[in-house]
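Comments concern the structure below.
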Amino acid sequence: MKRHPLILKRNKTGLLIIDLQERILPVINNYENVLQNAIKLIKGFKTLNLPIFFTEQYPKGLGQTSKIILDELEGYTAFQKMSFSCSGAEGLFDEFVNKNLKQIVVCGIETHVCVQQTVLDLIANEFQVNLVADAVSSRKQIDYEIAISRMQTLGAEVTTTESVLFELLEVCGTNEFKEISRIIK
C-alpha cells in the first residue's frame with residue numbers, strides 16, 4: 001500500500017534549529033514552550049540518529065545559542081550567519097544536498113523573519129519543509145500567525161513536535177518508540 005509522499009522519511013530528513021539565542025529569547029512570545037519543543041525534537045532526532053543543524057544570527061550582537069539547547073547539541077557546531085535567511089549560512093544548504101536530505105524540519109525564531117525567509121528559500125530550492133508550529137515564535141502573535149499562514153500558502157507543511165516524531169517512527173513497539181514516548185511526556 002502506498003504512503004503519502006509528504007510523510008517524513010528517515011533517510012531524507014534533517015532538523016534545522018534557527019537562532020535560539022540567549023539575548024533575543026526573553027522578548028519572544030512563549031519562548032519557554034519553543035525551547036521545550038526544540039529540545040524534544042533534538043532528543044528525538046538523536047534517538048533516531050538523524051542529522052541536526054543549528055544557526056546563530058550575528059552572535060557578536062545576539063549572543064550564543066541558549067545554554068539548554070547547547071547542552072543538548074554538544075559536539076555540534078553552529079552555522080554562523082549575518083543574513084536573515086539560513087541560505088546565507090555558508091555551507092548549510094550544501095550540507096543538506098551532500099547528505100541527500102529532501103525534507104527539512106524547521107524550528108526556531110523569529111517566525112516572521114529568519115524562519116520565514118529560510119523556509120521560503122528552502123522551498124525555492126526544492127526541499128520539502130515541515131514547519132513545527134509549536135517550536136517557532138515571534139515577539140508579536142500577529143507576526144507569528146501571518147508568517148505561519150504565508151509559509152503554508154507558499155508550500156510549507158505545517159505540523160507539530162509530536163507529529164514529526166511519530167511520523168519518523170512509523171511504528172510502535174520498538175525501543176525507539178519507547179524512548180520517543182518518554183521524550184514527549
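Chain labels follow the order of the C-alpha cells: the first chain is A, the next B, and so on; residue numbering restarts at 1 in every chain, and ligands are counted from 1 in their shown order.
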Review point. Leaving out A:Leu25 and any residue of its chain fewer than 3 positions from it, which residues lie within 12 Å of it when counting only C-alpha atoms, given as an MDAnalysis selection string?
Key: chainID A and resid 18:22 28:35 62:67 69 108:110 136:139
May I have the residues from that selection written out with C-alpha atoms, as an mmCIF file, in the first residue's frame?
```
data_model
loop_
_atom_site.group_PDB
_atom_site.id
_atom_site.type_symbol
_atom_site.label_atom_id
_atom_site.label_comp_id
_atom_site.auth_asym_id
_atom_site.auth_seq_id
_atom_site.Cartn_x
_atom_site.Cartn_y
_atom_site.Cartn_z
ATOM 1 C CA ILE A 18 17.171 28.617 13.734
ATOM 2 C CA ASP A 19 18.677 31.241 16.047
ATOM 3 C CA LEU A 20 17.544 30.154 19.529
ATOM 4 C CA GLN A 21 19.916 32.684 21.058
ATOM 5 C CA GLU A 22 20.113 33.881 24.660
ATOM 6 C CA ILE A 28 9.886 36.125 22.249
ATOM 7 C CA ASN A 29 6.270 35.187 22.890
ATOM 8 C CA ASN A 30 6.026 31.837 24.707
ATOM 9 C CA TYR A 31 9.763 31.183 24.332
ATOM 10 C CA GLU A 32 9.831 28.558 27.097
ATOM 11 C CA ASN A 33 7.491 26.354 25.058
ATOM 12 C CA VAL A 34 9.623 26.863 21.938
ATOM 13 C CA LEU A 35 12.738 25.762 23.853
ATOM 14 C CA LEU A 62 22.715 38.425 19.854
ATOM 15 C CA GLY A 63 24.899 36.072 21.896
ATOM 16 C CA GLN A 64 25.271 32.361 21.511
ATOM 17 C CA THR A 65 22.561 29.725 21.373
ATOM 18 C CA SER A 66 20.636 29.175 24.611
ATOM 19 C CA LYS A 67 22.614 27.063 27.064
ATOM 20 C CA ILE A 69 19.881 23.964 23.662
ATOM 21 C CA GLY A 108 13.368 28.454 15.881
ATOM 22 C CA ILE A 109 12.861 32.194 15.886
ATOM 23 C CA GLU A 110 11.609 34.603 14.709
ATOM 24 C CA VAL A 136 8.613 28.576 16.400
ATOM 25 C CA SER A 137 7.615 32.004 17.657
ATOM 26 C CA SER A 138 7.934 35.765 17.272
ATOM 27 C CA ARG A 139 7.743 38.731 19.595
#
```
### Query
Near A:Ala78, counting only C-alpha atoms, which residues have an atom at most 9 Å away, once you skip same-chain residues fewer than 2 positions from it, shown as a PyMOL selection string?
chain A and resi 53-56+65+76+80
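Atom CA of A:Val171 sits 22.9 Å away from atom CA of A:Val106.
The residue that comes closest to A:Lys140, out of A:Val158, A:Val113, A:Ile68, A:Leu16 and on the basis of only C-alpha atoms, is A:Val113.
By only C-alpha atoms, and with residues fewer than 4 positions from A:Ile52 along its chain excluded, the set lying at most 8 Å from it is Gly14, Leu15, Leu16, Ile17, Ile42 and Phe45 of chain A.
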Judged by only C-alpha atoms, the minimum distance to A:Lys40 among A:Val132, A:Ile104, A:Met151, A:Cys172 is found for A:Val132
